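Trainee: Sharing start.cif here; it has mmCIF, C-alpha atoms.
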data_protein
loop_
_atom_site.label_atom_id
_atom_site.label_comp_id
_atom_site.auth_asym_id
_atom_site.auth_seq_id
_atom_site.Cartn_x
_atom_site.Cartn_y
_atom_site.Cartn_z
CA MET A 496 138.70 22.66 60.52
CA SER A 497 135.88 24.40 58.67
CA ASP A 498 134.04 25.20 61.91
CA ASP A 499 137.24 26.58 63.33
CA LEU A 500 137.71 28.72 60.21
CA GLU A 501 134.22 30.19 60.59
CA ALA A 502 134.88 30.88 64.26
CA ARG A 503 138.03 32.78 63.33
CA ILE A 504 136.22 34.79 60.64
CA GLY A 505 133.41 35.40 63.14
CA ARG A 506 135.84 37.33 65.34
CA VAL A 507 136.21 40.03 62.67
CA ALA A 508 134.15 43.20 63.19
CA PHE A 509 133.24 44.02 59.59
CA ASN A 510 131.99 47.58 59.00
CA ALA A 511 128.48 48.59 57.90
CA ASP A 512 129.40 47.65 54.32
CA GLY A 513 130.57 44.20 55.47
CA LEU A 514 134.23 45.06 54.88
CA VAL A 515 137.43 45.17 56.91
CA PRO A 516 140.68 46.94 55.94
CA ALA A 517 143.63 44.60 55.38
CA ILE A 518 147.16 45.90 55.80
CA VAL A 519 149.56 43.96 53.58
CA GLN A 520 153.11 43.46 54.82
CA GLN A 521 156.00 41.59 53.20
CA TRP A 522 156.63 38.90 55.80
CA ASP A 523 160.46 39.00 55.88
CA THR A 524 161.45 42.62 55.16
CA ARG A 525 158.33 43.93 56.94
CA GLU A 526 157.69 46.51 54.24
CA VAL A 527 154.09 47.72 54.24
CA LEU A 528 153.02 47.22 50.62
CA MET A 529 149.36 48.22 50.39
CA LEU A 530 145.98 48.47 52.09
CA ALA A 531 142.90 46.84 50.57
CA TRP A 532 139.47 45.64 51.70
CA MET A 533 137.98 42.23 52.38
CA ASP A 534 134.54 40.88 53.08
CA ALA A 535 134.06 37.59 54.94
CA GLU A 536 134.24 35.55 51.73
CA ALA A 537 137.46 37.24 50.55
CA LEU A 538 139.00 36.53 53.96
CA ARG A 539 137.75 32.93 53.81
CA ARG A 540 139.35 32.44 50.38
CA THR A 541 142.56 34.07 51.58
CA LEU A 542 142.87 31.87 54.67
CA THR A 543 142.08 28.65 52.80
CA SER A 544 143.70 29.04 49.36
CA GLY A 545 147.14 30.41 50.16
CA ARG A 546 146.55 33.33 47.78
CA VAL A 547 145.25 36.74 48.82
CA THR A 548 141.76 37.73 47.58
CA TYR A 549 140.23 41.17 48.16
CA TRP A 550 136.88 42.79 47.58
CA SER A 551 137.26 45.58 45.03
CA ARG A 552 135.08 48.46 46.17
CA SER A 553 135.45 50.27 42.83
CA ARG A 554 134.60 47.27 40.65
CA GLY A 555 132.24 45.54 43.10
CA GLU A 556 133.84 42.14 42.65
CA TYR A 557 136.34 39.73 44.16
CA TRP A 558 139.89 40.38 43.09
CA ARG A 559 142.51 37.67 43.54
CA LYS A 560 145.74 39.62 43.53
CA GLY A 561 147.98 38.70 40.60
CA ASP A 562 145.43 36.94 38.38
CA THR A 563 145.91 39.67 35.78
CA SER A 564 149.40 40.97 36.58
CA GLY A 565 151.08 37.79 37.78
CA HIS A 566 152.09 39.74 40.89
CA ILE A 567 150.58 37.27 43.33
CA GLN A 568 150.60 37.39 47.11
CA ILE A 569 151.24 34.15 48.99
CA VAL A 570 149.81 34.08 52.51
CA GLN A 571 152.29 33.52 55.33
CA GLY A 572 150.08 34.59 58.19
CA ALA A 573 147.09 36.71 59.17
CA ARG A 574 146.46 38.66 62.35
CA LEU A 575 143.53 40.59 63.80
CA ASP A 576 143.77 43.71 65.92
CA CYS A 577 142.51 44.20 69.47
CA ASP A 578 139.07 45.48 68.52
CA GLY A 579 138.69 43.15 65.55
CA ASP A 580 138.28 45.81 62.89
CA ALA A 581 141.63 45.63 61.06
CA VAL A 582 143.53 42.69 59.57
CA LEU A 583 147.29 42.42 59.09
CA LEU A 584 148.35 40.04 56.33
CA GLU A 585 151.90 38.75 56.27
CA ILE A 586 152.57 37.72 52.68
CA ASP A 587 155.24 36.94 50.15
CA GLN A 588 154.83 39.44 47.31
CA ILE A 589 155.88 38.23 43.87
CA GLY A 590 156.94 41.27 41.82
CA PRO A 591 155.68 44.78 42.54
CA ALA A 592 152.65 45.11 44.82
CA CYS A 593 151.42 48.32 43.18
CA HIS A 594 149.57 48.60 39.88
CA THR A 595 151.99 51.46 39.08
CA ASN A 596 154.77 48.84 39.12
CA THR A 597 156.43 50.14 42.26
CA ARG A 598 157.25 47.71 45.04
CA THR A 599 154.91 49.38 47.52
CA CYS A 600 151.79 51.48 47.02
CA PHE A 601 153.02 53.89 49.71
CA ASP A 602 155.28 55.69 47.31
CA SER A 603 154.28 59.27 47.97
CA ASP A 604 155.82 61.37 50.76
CA LEU A 605 153.38 63.40 52.87
CA GLY A 606 156.26 65.07 54.66
CA ARG A 607 156.29 66.56 58.12
CA ASP A 608 157.16 69.96 59.46
CA GLU A 609 160.03 70.49 61.85
CA VAL A 610 158.90 70.84 65.44
CA GLY A 611 160.49 71.83 68.71
CA ASP A 612 161.30 69.50 71.56
CA ARG A 613 158.47 70.70 73.72
CA ASP A 614 155.82 68.94 71.63
CA LEU A 615 157.52 65.59 71.88
CA HIS A 616 156.90 64.94 75.56
CA PRO A 617 153.76 63.43 77.02
CA VAL A 618 151.40 65.72 78.84
CA ILE A 619 151.17 63.49 81.88
CA GLY A 620 154.16 63.06 84.08
CA MET B 1446 155.13 76.21 54.38
CA SER B 1447 151.47 76.34 55.37
CA ASP B 1448 150.33 76.43 51.71
CA ASP B 1449 152.55 73.47 51.00
CA LEU B 1450 151.09 71.61 53.98
CA GLU B 1451 147.55 72.21 52.71
CA ALA B 1452 148.56 71.00 49.25
CA ARG B 1453 149.90 67.79 50.76
CA ILE B 1454 146.74 67.25 52.81
CA GLY B 1455 144.70 68.05 49.69
CA ARG B 1456 146.16 64.98 47.99
CA VAL B 1457 144.43 62.69 50.48
CA ALA B 1458 141.18 61.08 49.28
CA PHE B 1459 139.16 61.10 52.52
CA ASN B 1460 136.11 58.82 52.55
CA ALA B 1461 132.46 59.91 52.72
CA ASP B 1462 132.88 60.45 56.48
CA GLY B 1463 135.93 62.67 55.87
CA LEU B 1464 138.31 60.02 57.23
CA VAL B 1465 141.34 58.09 55.99
CA PRO B 1466 142.81 54.93 57.58
CA ALA B 1467 146.33 55.39 58.96
CA ILE B 1468 148.61 52.37 59.30
CA VAL B 1469 151.08 52.88 62.13
CA GLN B 1470 154.53 51.34 61.80
CA GLN B 1471 157.49 51.49 64.18
CA TRP B 1472 160.05 53.26 61.98
CA ASP B 1473 163.14 51.11 62.78
CA THR B 1474 161.86 47.58 63.47
CA ARG B 1475 159.03 48.01 60.92
CA GLU B 1476 156.50 46.37 63.22
CA VAL B 1477 152.93 47.27 62.30
CA LEU B 1478 151.47 48.49 65.58
CA MET B 1479 147.91 49.62 64.89
CA LEU B 1480 145.43 51.10 62.45
CA ALA B 1481 143.44 54.20 63.30
CA TRP B 1482 141.54 56.96 61.50
CA MET B 1483 142.29 60.59 60.72
CA ASP B 1484 140.37 63.50 59.31
CA ALA B 1485 142.15 66.42 57.64
CA GLU B 1486 142.66 68.26 60.94
CA ALA B 1487 144.10 65.18 62.70
CA LEU B 1488 146.52 64.74 59.80
CA ARG B 1489 147.39 68.47 59.91
CA ARG B 1490 148.14 68.26 63.65
CA THR B 1491 150.17 65.09 63.12
CA LEU B 1492 152.32 66.57 60.35
CA THR B 1493 152.96 69.85 62.18
CA SER B 1494 153.26 68.90 65.87
CA GLY B 1495 155.53 65.84 65.81
CA ARG B 1496 152.93 63.86 67.78
CA VAL B 1497 150.31 61.61 66.23
CA THR B 1498 146.67 62.71 66.56
CA TYR B 1499 143.71 60.58 65.41
CA TRP B 1500 139.98 61.04 65.09
CA SER B 1501 138.22 58.66 67.47
CA ARG B 1502 135.18 57.31 65.65
CA SER B 1503 133.72 55.83 68.85
CA ARG B 1504 134.15 58.96 70.98
CA GLY B 1505 133.69 61.50 68.17
CA GLU B 1506 136.71 63.56 69.20
CA TYR B 1507 140.39 64.14 68.51
CA TRP B 1508 142.69 61.78 70.30
CA ARG B 1509 146.37 62.65 70.66
CA LYS B 1510 147.94 59.28 71.30
CA GLY B 1511 149.59 59.08 74.70
CA ASP B 1512 147.92 62.06 76.39
CA THR B 1513 146.25 59.68 78.86
CA SER B 1514 148.58 56.67 78.80
CA GLY B 1515 151.93 58.36 78.24
CA HIS B 1516 152.45 55.98 75.31
CA ILE B 1517 153.09 58.71 72.77
CA GLN B 1518 153.92 58.33 69.09
CA ILE B 1519 156.59 60.58 67.64
CA VAL B 1520 156.30 61.17 63.91
CA GLN B 1521 159.26 60.13 61.80
CA GLY B 1522 157.57 60.21 58.41
CA ALA B 1523 154.23 59.93 56.64
CA ARG B 1524 153.41 58.41 53.27
CA LEU B 1525 150.34 58.25 51.05
CA ASP B 1526 149.37 55.34 48.83
CA CYS B 1527 148.90 55.36 45.06
CA ASP B 1528 145.21 56.20 45.09
CA GLY B 1529 145.44 58.56 48.05
CA ASP B 1530 143.08 56.68 50.35
CA ALA B 1531 145.47 55.20 52.91
CA VAL B 1532 148.24 56.75 55.01
CA LEU B 1533 151.34 55.02 56.38
CA LEU B 1534 152.83 56.66 59.47
CA GLU B 1535 156.39 55.86 60.44
CA ILE B 1536 156.63 56.61 64.13
CA ASP B 1537 158.64 56.02 67.28
CA GLN B 1538 156.32 54.33 69.77
CA ILE B 1539 157.02 55.03 73.43
CA GLY B 1540 155.80 52.02 75.44
CA PRO B 1541 153.05 49.70 74.20
CA ALA B 1542 150.93 50.87 71.27
CA CYS B 1543 147.85 48.93 72.35
CA HIS B 1544 145.44 49.91 75.11
CA THR B 1545 145.69 46.27 76.26
CA ASN B 1546 149.37 46.99 77.05
CA THR B 1547 150.76 44.79 74.29
CA ARG B 1548 153.37 46.23 71.97
CA THR B 1549 151.14 45.89 68.89
CA CYS B 1550 147.36 45.80 68.51
CA PHE B 1551 147.71 42.92 66.02
CA ASP B 1552 148.04 40.37 68.75
CA SER B 1553 145.46 37.82 67.64
CA ASP B 1554 146.26 35.05 65.14
CA LEU B 1555 143.69 34.50 62.39
CA GLY B 1556 145.57 31.42 61.21
CA ARG B 1557 145.60 29.92 57.75
CA ASP B 1558 144.81 26.49 56.42
CA GLU B 1559 147.45 24.37 54.72
CA VAL B 1560 147.19 24.45 50.95
CA GLY B 1561 148.77 22.54 48.09
CA ASP B 1562 151.30 23.93 45.65
CA ARG B 1563 148.81 24.25 42.83
CA ASP B 1564 147.11 27.28 44.33
CA LEU B 1565 150.33 29.19 44.74
CA HIS B 1566 151.07 29.85 41.08
CA PRO B 1567 149.63 32.67 39.02
CA VAL B 1568 146.93 31.83 36.52
CA ILE B 1569 148.65 33.63 33.67
CA GLY B 1570 151.76 32.09 32.15
#
As structure tokens, how would this structure be written, given the file I've shared?
Mentor:
Amino acid sequence: MSDDLEARIGRVAFNADGLVPAIVQQWDTREVLMLAWMDAEALRRTLTSGRVTYWSRSRGEYWRKGDTSGHIQIVQGARLDCDGDAVLLEIDQIGPACHTNTRTCFDSDLGRDEVGDRDLHPVIG
Amino acid sequence: MSDDLEARIGRVAFNADGLVPAIVQQWDTREVLMLAWMDAEALRRTLTSGRVTYWSRSRGEYWRKGDTSGHIQIVQGARLDCDGDAVLLEIDQIGPACHTNTRTCFDSDLGRDEVGDRDLHPVIG
């Protein structure tokens, strides 16, 4: 089991800082709640403990989500992308995901400008 | 309109390489399809053209999704997270998102180990 765990973690292409971005999605509603970063040990703890742990780049320490706020994240599944450099966590979020007390961290609209039809077709054809 | 666009882009906290990770979600089914990177100009093109453009870190060039494959992404909305360093794109994906021809790039299971109940409760009471 442990060897298998290390093999799975070994498939992740961590960046030069030893980190990988983790997209956090509520498993049933499929809301995207946040993006945070993990090193190999944070991923190991996440896959084995049932609770999500990140690496806090600002504080330089492990951060088990909810230890302070109570807003824990329970792991339902974890997936890796095709080139191994992004993780998708399917979790059950207890309470708000965001430290601002909103459900999702993606609470700010970047908008988009209206465009004509001509831009919406592929170039090839 | 242009000033407002620049103000919106100015809210993004690009990293030391001038890039921000963009999570790509199918707007109606809420599938997470991929994660890619944008600089300010890629985000500007995305918000104004209706088609998603990324910055390819491996090729060092702009990459308008679908120009080669036909698998374009039509922008439905764009959101920024609470600390400004991650973007969530809501898009309509034509065809597979992944270059491996799967619908989503997150096609590989990282698994999780079974855990007891005790780990699933917050530490605070």
Trainee: Expand the PyMOL selection byres ((chain A) within 8 of (chain B)) into the explicit residue set it covers here, and present it as a PyMOL selection string.
Mentor: chain A and resi 503-504+518+525-526+529-530+542-546+561-567+569-577+581-583+593+595+600-610+614-620
Trainee: Can you state the RMSD, in Å, between chain B and chain A once they are superposed by least squares on every Cα paired in order?
Mentor: 0.0 Å
Trainee: Between atom CA of Gln1538 of chain B and atom CA of Leu514 of chain A, what is the spacing in Å?
Mentor: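 Atom CA of Gln1538 of chain B lies at a distance of 28.2 Å from atom CA of Leu514 of chain A.
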Trainee: Go ahead and compute the interatomic distance for atom CA of Glu1486 of chain B and atom CA of Ser551 of chain A, in Å to one decimal.
Mentor: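 Between atom CA of Glu1486 of chain B and atom CA of Ser551 of chain A the gap works out to 28.2 Å.
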Trainee: Using atom CA of Met533 of chain A and atom CA of Asp1484 of chain B as the two end points, give the distance in Å to one decimal.
Mentor: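 Taking atom CA of Met533 of chain A and atom CA of Asp1484 of chain B, their separation equals 22.5 Å.
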Trainee: Give the answer as one residue: which of A:Gln521, A:Arg552, A:Ala537, A:Tyr557 has the shortest atom-to-atom distance to Ala592 of chain A, using all atoms listed in the file?
Mentor: A:Gln521
Trainee: Looking at only C-alpha atoms, which of B:Asp1473, B:Gly1455, B:Asp1448, B:Ala1485 is the one that sits closest to Ile1536 of chain B?
Mentor: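 Smallest separation from Ile1536 of chain B among the options: B:Asp1473.
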Trainee: Hey, could you patch up segment 1535-1559 of chain B with N, CA, C and O atoms and hand it over as a PDB file, in the coordinates of the input?
Mentor:
ATOM      1  N   GLU B1535     155.198  56.440  59.843  1.00  0.00           N
ATOM      2  CA  GLU B1535     156.390  55.860  60.440  1.00  0.00           C
ATOM      3  C   GLU B1535     156.653  56.637  61.722  1.00  0.00           C
ATOM      4  O   GLU B1535     156.838  57.861  61.681  1.00  0.00           O
ATOM      5  N   ILE B1536     156.616  55.923  62.838  1.00  0.00           N
ATOM      6  CA  ILE B1536     156.630  56.610  64.130  1.00  0.00           C
ATOM      7  C   ILE B1536     157.612  55.922  65.083  1.00  0.00           C
ATOM      8  O   ILE B1536     158.060  54.800  64.842  1.00  0.00           O
ATOM      9  N   ASP B1537     157.911  56.630  66.165  1.00  0.00           N
ATOM     10  CA  ASP B1537     158.640  56.020  67.280  1.00  0.00           C
ATOM     11  C   ASP B1537     157.640  55.866  68.420  1.00  0.00           C
ATOM     12  O   ASP B1537     157.146  56.872  68.962  1.00  0.00           O
ATOM     13  N   GLN B1538     157.324  54.626  68.744  1.00  0.00           N
ATOM     14  CA  GLN B1538     156.320  54.330  69.770  1.00  0.00           C
ATOM     15  C   GLN B1538     156.978  54.249  71.132  1.00  0.00           C
ATOM     16  O   GLN B1538     157.854  53.406  71.352  1.00  0.00           O
ATOM     17  N   ILE B1539     156.539  55.095  72.051  1.00  0.00           N
ATOM     18  CA  ILE B1539     157.020  55.030  73.430  1.00  0.00           C
ATOM     19  C   ILE B1539     156.083  54.092  74.201  1.00  0.00           C
ATOM     20  O   ILE B1539     154.884  54.354  74.291  1.00  0.00           O
ATOM     21  N   GLY B1540     156.632  52.983  74.709  1.00  0.00           N
ATOM     22  CA  GLY B1540     155.800  52.020  75.440  1.00  0.00           C
ATOM     23  C   GLY B1540     154.916  51.225  74.488  1.00  0.00           C
ATOM     24  O   GLY B1540     155.106  51.262  73.271  1.00  0.00           O
ATOM     25  N   PRO B1541     153.938  50.503  75.042  1.00  0.00           N
ATOM     26  CA  PRO B1541     153.050  49.700  74.200  1.00  0.00           C
ATOM     27  C   PRO B1541     152.146  50.579  73.348  1.00  0.00           C
ATOM     28  O   PRO B1541     151.695  51.628  73.804  1.00  0.00           O
ATOM     29  N   ALA B1542     151.868  50.127  72.117  1.00  0.00           N
ATOM     30  CA  ALA B1542     150.930  50.870  71.270  1.00  0.00           C
ATOM     31  C   ALA B1542     149.490  50.587  71.662  1.00  0.00           C
ATOM     32  O   ALA B1542     148.614  51.436  71.521  1.00  0.00           O
ATOM     33  N   CYS B1543     149.241  49.372  72.163  1.00  0.00           N
ATOM     34  CA  CYS B1543     147.850  48.930  72.350  1.00  0.00           C
ATOM     35  C   CYS B1543     147.347  49.285  73.752  1.00  0.00           C
ATOM     36  O   CYS B1543     148.092  49.241  74.728  1.00  0.00           O
ATOM     37  N   HIS B1544     146.043  49.589  73.816  1.00  0.00           N
ATOM     38  CA  HIS B1544     145.440  49.910  75.110  1.00  0.00           C
ATOM     39  C   HIS B1544     145.386  48.680  76.021  1.00  0.00           C
ATOM     40  O   HIS B1544     145.141  48.801  77.220  1.00  0.00           O
ATOM     41  N   THR B1545     145.629  47.480  75.444  1.00  0.00           N
ATOM     42  CA  THR B1545     145.690  46.270  76.260  1.00  0.00           C
ATOM     43  C   THR B1545     147.093  46.045  76.827  1.00  0.00           C
ATOM     44  O   THR B1545     147.370  45.007  77.430  1.00  0.00           O
ATOM     45  N   ASN B1546     147.977  47.010  76.561  1.00  0.00           N
ATOM     46  CA  ASN B1546     149.370  46.990  77.050  1.00  0.00           C
ATOM     47  C   ASN B1546     150.271  46.013  76.321  1.00  0.00           C
ATOM     48  O   ASN B1546     151.354  45.680  76.830  1.00  0.00           O
ATOM     49  N   THR B1547     149.845  45.549  75.147  1.00  0.00           N
ATOM     50  CA  THR B1547     150.760  44.790  74.290  1.00  0.00           C
ATOM     51  C   THR B1547     151.436  45.773  73.339  1.00  0.00           C
ATOM     52  O   THR B1547     150.935  46.870  73.071  1.00  0.00           O
ATOM     53  N   ARG B1548     152.587  45.366  72.845  1.00  0.00           N
ATOM     54  CA  ARG B1548     153.370  46.230  71.970  1.00  0.00           C
ATOM     55  C   ARG B1548     152.573  46.631  70.732  1.00  0.00           C
ATOM     56  O   ARG B1548     152.561  47.778  70.331  1.00  0.00           O
ATOM     57  N   THR B1549     151.924  45.640  70.090  1.00  0.00           N
ATOM     58  CA  THR B1549     151.140  45.890  68.890  1.00  0.00           C
ATOM     59  C   THR B1549     149.683  45.498  69.129  1.00  0.00           C
ATOM     60  O   THR B1549     149.397  44.606  69.927  1.00  0.00           O
ATOM     61  N   CYS B1550     148.777  46.174  68.439  1.00  0.00           N
ATOM     62  CA  CYS B1550     147.360  45.800  68.510  1.00  0.00           C
ATOM     63  C   CYS B1550     147.074  44.504  67.758  1.00  0.00           C
ATOM     64  O   CYS B1550     146.044  43.872  68.001  1.00  0.00           O
ATOM     65  N   PHE B1551     147.962  44.111  66.847  1.00  0.00           N
ATOM     66  CA  PHE B1551     147.710  42.920  66.020  1.00  0.00           C
ATOM     67  C   PHE B1551     148.212  41.668  66.733  1.00  0.00           C
ATOM     68  O   PHE B1551     149.131  40.998  66.297  1.00  0.00           O
ATOM     69  N   ASP B1552     147.546  41.379  67.827  1.00  0.00           N
ATOM     70  CA  ASP B1552     148.040  40.370  68.750  1.00  0.00           C
ATOM     71  C   ASP B1552     147.288  39.054  68.646  1.00  0.00           C
ATOM     72  O   ASP B1552     147.580  38.112  69.376  1.00  0.00           O
ATOM     73  N   SER B1553     146.352  38.980  67.732  1.00  0.00           N
ATOM     74  CA  SER B1553     145.460  37.820  67.640  1.00  0.00           C
ATOM     75  C   SER B1553     145.678  37.123  66.296  1.00  0.00           C
ATOM     76  O   SER B1553     145.583  37.741  65.238  1.00  0.00           O
ATOM     77  N   ASP B1554     145.952  35.828  66.347  1.00  0.00           N
ATOM     78  CA  ASP B1554     146.260  35.050  65.140  1.00  0.00           C
ATOM     79  C   ASP B1554     144.973  34.620  64.446  1.00  0.00           C
ATOM     80  O   ASP B1554     144.117  34.001  65.065  1.00  0.00           O
ATOM     81  N   LEU B1555     144.845  34.970  63.169  1.00  0.00           N
ATOM     82  CA  LEU B1555     143.690  34.500  62.390  1.00  0.00           C
ATOM     83  C   LEU B1555     143.961  33.155  61.732  1.00  0.00           C
ATOM     84  O   LEU B1555     143.059  32.543  61.174  1.00  0.00           O
ATOM     85  N   GLY B1556     145.218  32.720  61.758  1.00  0.00           N
ATOM     86  CA  GLY B1556     145.570  31.420  61.210  1.00  0.00           C
ATOM     87  C   GLY B1556     145.459  31.358  59.701  1.00  0.00           C
ATOM     88  O   GLY B1556     145.110  32.325  59.034  1.00  0.00           O
ATOM     89  N   ARG B1557     145.814  30.213  59.177  1.00  0.00           N
ATOM     90  CA  ARG B1557     145.600  29.920  57.750  1.00  0.00           C
ATOM     91  C   ARG B1557     145.592  28.415  57.615  1.00  0.00           C
ATOM     92  O   ARG B1557     146.229  27.709  58.393  1.00  0.00           O
ATOM     93  N   ASP B1558     144.857  27.929  56.639  1.00  0.00           N
ATOM     94  CA  ASP B1558     144.810  26.490  56.420  1.00  0.00           C
ATOM     95  C   ASP B1558     145.925  26.096  55.468  1.00  0.00           C
ATOM     96  O   ASP B1558     146.353  26.877  54.619  1.00  0.00           O
ATOM     97  N   GLU B1559     146.399  24.861  55.622  1.00  0.00           N
ATOM     98  CA  GLU B1559     147.450  24.370  54.720  1.00  0.00           C
ATOM     99  C   GLU B1559     146.875  24.207  53.323  1.00  0.00           C
ATOM    100  O   GLU B1559     145.750  23.757  53.151  1.00  0.00           O
TER     101      GLU B1559
END
